[in-house]
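Text of run22.txt (compact mmCIF, C-alpha atoms and all ligand atoms) as supplied:
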# COMPACT_ATOMS: atom_id res chain seq x y z
CA MET B 1 -145.30 90.31 5.11
CA ILE B 2 -148.35 88.05 5.09
CA ILE B 3 -147.65 84.32 5.08
CA ALA B 4 -149.99 81.43 4.29
CA ASN B 5 -148.77 78.31 6.09
CA TRP B 6 -150.82 75.43 4.72
CA LYS B 7 -149.24 72.86 7.06
CA MET B 8 -150.30 69.32 6.00
CA ASN B 9 -153.23 70.39 3.81
CA GLY B 10 -154.05 70.63 0.13
CA THR B 11 -153.87 68.86 -3.20
CA ARG B 12 -152.37 69.84 -6.55
CA GLN B 13 -155.81 71.06 -7.55
CA SER B 14 -156.34 73.21 -4.46
CA VAL B 15 -152.82 74.64 -4.77
CA ALA B 16 -153.53 75.70 -8.37
CA THR B 17 -156.96 77.13 -7.58
CA TRP B 18 -155.65 79.03 -4.55
CA ILE B 19 -152.65 80.54 -6.32
CA GLN B 20 -154.78 81.77 -9.20
CA ALA B 21 -157.55 83.17 -6.98
CA VAL B 22 -155.19 84.90 -4.54
CA SER B 23 -153.12 86.40 -7.36
CA ASN B 24 -156.25 87.82 -8.93
CA ASN B 25 -157.71 89.14 -5.70
CA ILE B 26 -154.86 90.71 -3.76
CA ASN B 27 -153.74 94.29 -4.25
CA ILE B 28 -150.08 93.47 -4.01
CA LYS B 29 -147.81 96.01 -2.33
CA ASP B 30 -144.05 95.59 -2.66
CA VAL B 31 -143.61 96.51 1.00
CA ASN B 32 -145.93 93.69 2.01
CA PRO B 33 -144.85 90.43 0.34
CA CYS B 34 -147.42 87.65 0.03
CA ILE B 35 -145.75 84.33 0.82
CA PHE B 36 -147.22 80.89 0.19
CA CYS B 37 -145.87 77.87 2.11
CA PRO B 38 -147.50 74.75 0.63
CA PRO B 39 -146.61 71.21 1.71
CA THR B 40 -143.14 70.27 0.45
CA CYS B 41 -144.44 67.91 -2.24
CA TYR B 42 -146.21 70.83 -3.94
CA LEU B 43 -143.34 73.34 -3.78
CA GLU B 44 -142.16 72.75 -7.33
CA TYR B 45 -145.70 72.84 -8.70
CA ALA B 46 -146.45 76.10 -6.87
CA ARG B 47 -143.17 77.62 -8.06
CA ARG B 48 -143.95 76.71 -11.67
CA LEU B 49 -147.48 78.14 -11.54
CA VAL B 50 -146.23 81.41 -10.09
CA ASP B 51 -143.41 81.73 -12.63
CA GLU B 52 -145.44 80.78 -15.68
CA ASN B 53 -148.13 83.30 -14.85
CA ASP B 54 -145.88 85.99 -13.47
CA TYR B 55 -147.88 86.09 -10.24
CA HIS B 56 -146.70 88.25 -7.35
CA ILE B 57 -146.59 85.48 -4.80
CA GLU B 58 -143.37 84.35 -3.15
CA ILE B 59 -142.76 80.75 -2.21
CA GLY B 60 -141.68 79.49 1.19
CA SER B 61 -140.88 76.03 2.50
CA GLN B 62 -142.38 74.74 5.73
CA ILE B 63 -139.35 72.60 6.33
CA VAL B 64 -135.60 72.33 5.90
CA ASN B 65 -133.08 69.94 7.41
CA HIS B 66 -129.74 71.09 8.67
CA SER B 67 -127.66 68.11 7.66
CA PHE B 68 -124.99 68.66 5.12
CA GLU B 69 -125.04 67.11 1.70
CA ASP B 70 -122.51 64.44 2.57
CA GLU B 71 -124.62 63.16 5.46
CA SER B 72 -127.46 60.78 4.77
CA LEU B 73 -130.95 61.59 6.02
CA THR B 74 -133.89 59.65 4.67
CA GLY B 75 -136.67 62.08 3.83
CA GLY B 76 -134.43 65.10 4.30
CA ILE B 77 -134.85 68.40 2.46
CA SER B 78 -131.68 70.44 2.09
CA THR B 79 -131.22 74.15 1.54
CA THR B 80 -129.58 73.28 -1.79
CA MET B 81 -132.78 71.56 -2.92
CA LEU B 82 -134.87 74.54 -1.87
CA LYS B 83 -132.55 76.91 -3.74
CA ASP B 84 -132.76 74.62 -6.76
CA LEU B 85 -136.54 75.17 -6.73
CA SER B 86 -136.04 78.93 -6.33
CA VAL B 87 -137.77 78.85 -2.97
CA GLU B 88 -137.25 82.20 -1.26
CA TYR B 89 -138.27 81.66 2.37
CA VAL B 90 -138.15 78.90 4.94
CA LEU B 91 -139.99 78.48 8.26
CA VAL B 92 -137.69 77.39 11.08
CA GLY B 93 -138.56 76.54 14.69
CA HIS B 94 -142.33 76.20 14.29
CA SER B 95 -143.74 74.92 17.60
CA GLU B 96 -145.27 71.89 15.87
CA GLN B 97 -141.80 70.87 14.65
CA ARG B 98 -140.15 71.68 17.99
CA ASN B 99 -142.77 69.45 19.60
CA PHE B 100 -143.28 66.54 17.17
CA LEU B 101 -139.74 66.38 15.80
CA LYS B 102 -138.12 67.24 19.15
CA GLU B 103 -136.08 70.00 17.56
CA SER B 104 -133.60 71.57 19.94
CA ASN B 105 -132.28 75.12 19.77
CA ASN B 106 -128.99 73.60 18.68
CA VAL B 107 -130.53 71.98 15.62
CA ILE B 108 -132.50 75.15 14.92
CA THR B 109 -129.32 77.25 15.03
CA LYS B 110 -127.71 74.98 12.43
CA LYS B 111 -130.76 75.19 10.21
CA ILE B 112 -130.79 78.98 10.34
CA GLU B 113 -127.07 79.18 9.60
CA LYS B 114 -127.31 76.84 6.64
CA ALA B 115 -130.40 78.54 5.25
CA LEU B 116 -128.83 82.00 5.47
CA GLU B 117 -125.58 80.72 4.00
CA ASP B 118 -127.56 79.47 1.00
CA GLU B 119 -129.40 82.77 0.66
CA LEU B 120 -132.81 81.71 1.87
CA SER B 121 -134.78 84.13 4.01
CA VAL B 122 -135.61 82.67 7.42
CA ILE B 123 -138.88 83.05 9.30
CA TYR B 124 -137.87 82.09 12.83
CA CYS B 125 -140.90 80.99 14.88
CA ILE B 126 -141.05 81.35 18.65
CA GLY B 127 -143.83 81.18 21.22
CA GLU B 128 -144.72 79.96 24.70
CA ASP B 129 -147.14 77.24 25.80
CA ILE B 130 -150.11 77.87 28.09
CA ASP B 131 -148.42 76.63 31.29
CA THR B 132 -145.50 78.95 30.74
CA LYS B 133 -147.89 81.85 30.12
CA ASN B 134 -149.92 81.06 33.24
CA LYS B 135 -146.76 80.94 35.35
CA ASN B 136 -145.81 84.38 33.99
CA GLU B 137 -142.65 82.90 32.52
CA ALA B 138 -143.28 83.76 28.90
CA TYR B 139 -140.45 86.29 28.62
CA SER B 140 -137.75 83.97 29.97
CA PHE B 141 -139.05 81.21 27.68
CA LEU B 142 -138.97 83.51 24.66
CA SER B 143 -135.52 84.80 25.66
CA GLU B 144 -134.14 81.26 25.47
CA GLN B 145 -135.60 80.84 22.00
CA LEU B 146 -134.21 84.21 20.92
CA ASP B 147 -130.78 83.30 22.27
CA VAL B 148 -130.46 81.10 19.18
CA PHE B 149 -129.47 84.31 17.42
CA CYS B 150 -126.49 84.73 19.77
CA GLN B 151 -125.17 81.31 18.67
CA LEU B 152 -125.25 82.12 14.97
CA GLN B 153 -121.88 81.98 13.34
CA ILE B 154 -123.04 84.54 10.83
CA THR B 155 -122.21 88.18 11.09
CA HIS B 156 -122.58 89.19 7.48
CA GLU B 157 -124.96 92.12 7.45
CA ASP B 158 -126.90 91.10 4.35
CA LYS B 159 -127.57 87.65 5.74
CA LEU B 160 -128.84 88.99 9.07
CA ARG B 161 -131.25 91.17 7.12
CA SER B 162 -132.86 87.98 5.84
CA ILE B 163 -134.22 87.03 9.26
CA THR B 164 -137.82 87.64 10.33
CA VAL B 165 -139.23 86.57 13.70
CA ALA B 166 -142.74 85.10 13.97
CA TYR B 167 -144.30 85.17 17.44
CA GLU B 168 -146.86 82.38 17.65
CA PRO B 169 -148.08 81.63 21.19
CA ILE B 170 -148.69 77.88 21.16
CA TRP B 171 -152.01 78.22 23.00
CA ALA B 172 -153.30 80.45 20.19
CA ILE B 173 -152.37 78.13 17.33
CA GLY B 174 -155.43 76.46 15.86
CA SER B 175 -157.44 77.14 19.03
CA GLY B 176 -159.62 79.96 17.76
CA LEU B 177 -158.29 82.04 20.69
CA ASN B 178 -155.92 84.67 19.37
CA ALA B 179 -153.80 86.64 21.83
CA GLU B 180 -155.33 89.96 22.89
CA LYS B 181 -154.04 93.15 21.30
CA ASP B 182 -152.39 94.37 24.55
CA TYR B 183 -150.66 91.04 25.04
CA ILE B 184 -149.41 91.01 21.46
CA GLU B 185 -148.13 94.59 21.71
CA GLU B 186 -146.32 93.96 24.98
CA THR B 187 -144.78 90.69 23.82
CA HIS B 188 -143.68 92.04 20.45
CA GLY B 189 -142.21 95.03 22.28
CA PHE B 190 -140.31 92.64 24.55
CA ILE B 191 -139.01 90.60 21.57
CA LYS B 192 -137.75 93.68 19.77
CA LYS B 193 -136.12 95.08 22.91
CA TYR B 194 -134.48 91.74 23.73
CA ILE B 195 -133.00 91.50 20.25
CA ASN B 196 -131.84 95.08 20.51
CA ASP B 197 -130.25 94.64 23.93
CA HIS B 198 -128.65 91.24 23.39
CA LEU B 199 -127.49 91.30 19.81
CA GLU B 200 -125.41 93.98 18.33
CA TRP B 201 -127.48 94.10 15.18
CA ASP B 202 -128.69 97.59 16.03
CA LYS B 203 -125.12 98.77 15.40
CA LEU B 204 -125.65 97.47 11.88
CA ASP B 205 -129.06 99.11 11.86
CA ILE B 206 -130.80 95.74 11.62
CA TYR B 207 -134.17 95.33 13.34
CA PRO B 208 -135.91 92.12 12.29
CA ALA B 209 -139.61 92.35 11.52
CA VAL B 210 -141.81 90.51 14.04
CA LEU B 211 -144.93 88.78 12.69
CA TYR B 212 -147.86 87.50 14.75
CA GLY B 213 -149.43 84.06 14.26
CA GLY B 214 -152.13 82.12 16.11
CA SER B 215 -155.83 82.04 15.18
CA VAL B 216 -155.63 85.03 12.87
CA ASN B 217 -158.90 85.35 10.96
CA LEU B 218 -160.93 87.84 8.98
CA ASN B 219 -162.51 89.32 12.11
CA ASN B 220 -159.36 89.94 14.12
CA CYS B 221 -156.73 90.59 11.43
CA GLU B 222 -157.19 94.36 11.23
CA GLU B 223 -156.85 94.86 14.96
CA ILE B 224 -153.80 92.61 15.14
CA ILE B 225 -151.97 94.08 12.16
CA SER B 226 -152.60 97.62 13.39
CA SER B 227 -151.03 96.77 16.77
CA THR B 228 -147.79 98.45 17.70
CA ASN B 229 -144.72 96.39 16.81
CA VAL B 230 -146.63 93.92 14.59
CA ASP B 231 -145.02 93.80 11.17
CA GLY B 232 -147.02 91.06 9.49
CA LEU B 233 -149.01 87.86 9.93
CA LEU B 234 -148.33 84.13 9.79
CA ILE B 235 -151.63 82.42 9.09
CA GLY B 236 -152.54 78.74 9.29
CA GLY B 237 -156.19 77.66 9.08
CA ALA B 238 -157.57 80.92 7.70
CA SER B 239 -155.05 80.87 4.85
CA LEU B 240 -156.56 77.74 3.28
CA ASN B 241 -159.51 79.62 1.86
CA SER B 242 -158.30 81.88 -0.96
CA GLU B 243 -161.08 84.41 -0.49
CA THR B 244 -160.48 84.78 3.25
CA PHE B 245 -156.73 84.96 2.81
CA SER B 246 -156.99 87.55 0.02
CA LYS B 247 -159.27 89.72 2.17
CA ILE B 248 -156.85 89.47 5.10
CA TYR B 249 -153.97 90.45 2.82
CA ASN B 250 -155.89 93.42 1.45
CA LEU B 251 -156.82 94.62 4.95
CA SER B 252 -153.21 94.41 6.15
P1 LIG H 301 -153.58 79.01 12.90
O1 LIG H 301 -153.69 80.31 12.12
O2 LIG H 301 -154.39 77.91 12.29
O3 LIG H 301 -153.85 79.23 14.34
O4 LIG H 301 -152.07 78.51 12.77
C1 LIG H 301 -151.04 79.39 13.07
C2 LIG H 301 -149.77 78.79 12.65
O5 LIG H 301 -149.28 77.86 13.27
C3 LIG H 301 -149.12 79.33 11.45
O6 LIG H 301 -147.80 78.93 11.36
What does the file become when written as structure tokens?
Amino acid sequence: MIIANWKMNGTRQSVATWIQAVSNNINIKDVNPCIFCPPTCYLEYARRLVDENDYHIEIGSQIVNHSFEDESLTGGISTTMLKDLSVEYVLVGHSEQRNFLKESNNVITKKIEKALEDELSVIYCIGEDIDTKNKNEAYSFLSEQLDVFCQLQITHEDKLRSITVAYEPIWAIGSGLNAEKDYIEETHGFIKKYINDHLEWDKLDIYPAVLYGGSVNLNNCEEIISSTNVDGLLIGGASLNSETFSKIYNLS
């Protein structure tokens, strides 16, 4: 799974140009979905372009709100709206949203539950900040974020299969300093083991994929994707250029 997270970038024109160029340039493999997360205001446009041209790109939302339809939330985006646009994926728990929107694990749990209930696939983002890393407390920090899964009121096997984890160390996001291969391998190994030991999903034979994100680029993507326990990439800055993103996809 290779995801382009455009964050707060782009125009209608750049969305159209990117979708066409990427669709023409990637050698799509069913086992490796290509997912485009444009800004919310371009979701419908992106969906339409993909459908009209039968492109093999899946659409993800960068945002969803957990409130229920009968609550009022100015500016809110509900899972029902995303389903209405045939959006397939949603990012939840991105560090920028945890930070700027002060999202707690409680809110994140509700978002995941609601998204899964409404048949969206969830990309659950986790990752430690630099102080936590320097204090050697990354694993306890990540454990707390992973404990969100223990709170989920969902046990239905099919729904749990729709969860992917994205490990994005905060210090690597947008800094140009990706995590080293050894660090990524160890941390992804820890994440998988923690999920295995603390959730009973392994009894259901469910092992969520774990993606890496944080300063992925054309030069480091091959090494990162070939790392043990790395099942895909979540790409910010380097996804904006269609040529770069297509090359990264094809190398993955
Ligand atoms: P960069 O690839 O720009 O570091 O961003 C990573 C990210 O936050 C993707 O969600």
With all atoms listed in the file as the counted atoms, please give the residues lying no more than 7 Å from region 140-143 of chain B, apart from itself and same-chain residues fewer than 3 positions off, as a list in words. Ile126, Gly127, Glu128, Glu137, Leu146 and Asp147 of chain B
Expected selection as a PyMOL selection string for ligand LIG 301 (chain H) within 10 Å, all atoms listed in the file: chain B and resi 3-7+37+62+91+94-96+125+166-178+212-217+233-240
Counting all atoms listed in the file, write as an MDAnalysis selection string all protein and nucleic acid residues lying at most 10 Å from (-132.4, 78.5, 20.3) in the file's frame. chainID B and resid 93 103:110 124 126 142:152
Between B:Gly60, B:Ser246, B:Val90, B:Ile184, single out the one closest to Tyr42 (chain B), counting only C-alpha atoms.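 Smallest distance to Tyr42 (chain B) is found for B:Gly60.
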Two-atom distance - CA of Glu58 (chain B), CA of Ser86 (chain B) (Å):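 Between CA of Glu58 (chain B) and CA of Ser86 (chain B) the gap works out to 9.7 Å.
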One residue among B:Lys133, B:His56, B:Lys247, B:Lys159 is nearest to Glu117 (chain B) when using only C-alpha atoms, and that residue is B:Lys159
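Each of B:Phe100, B:Trp18, B:Tyr89, B:Tyr194 was compared to Pro33 (chain B) using all atoms listed in the file, and B:Tyr89 turns out to be the nearest.
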If you count all atoms listed in the file, which residues fall within 12 Å of Tyr45 (chain B), apart from same-chain ones fewer than 5 positions away, as JSON, numbers by chain? {"B": [11, 12, 13, 14, 15, 16, 19, 37, 38, 39, 40, 50, 51, 52, 59, 85, 86, 87]}
Distance in Å - CA of Asn229 (chain B) versus CA of Tyr183 (chain B): 11.5 Å
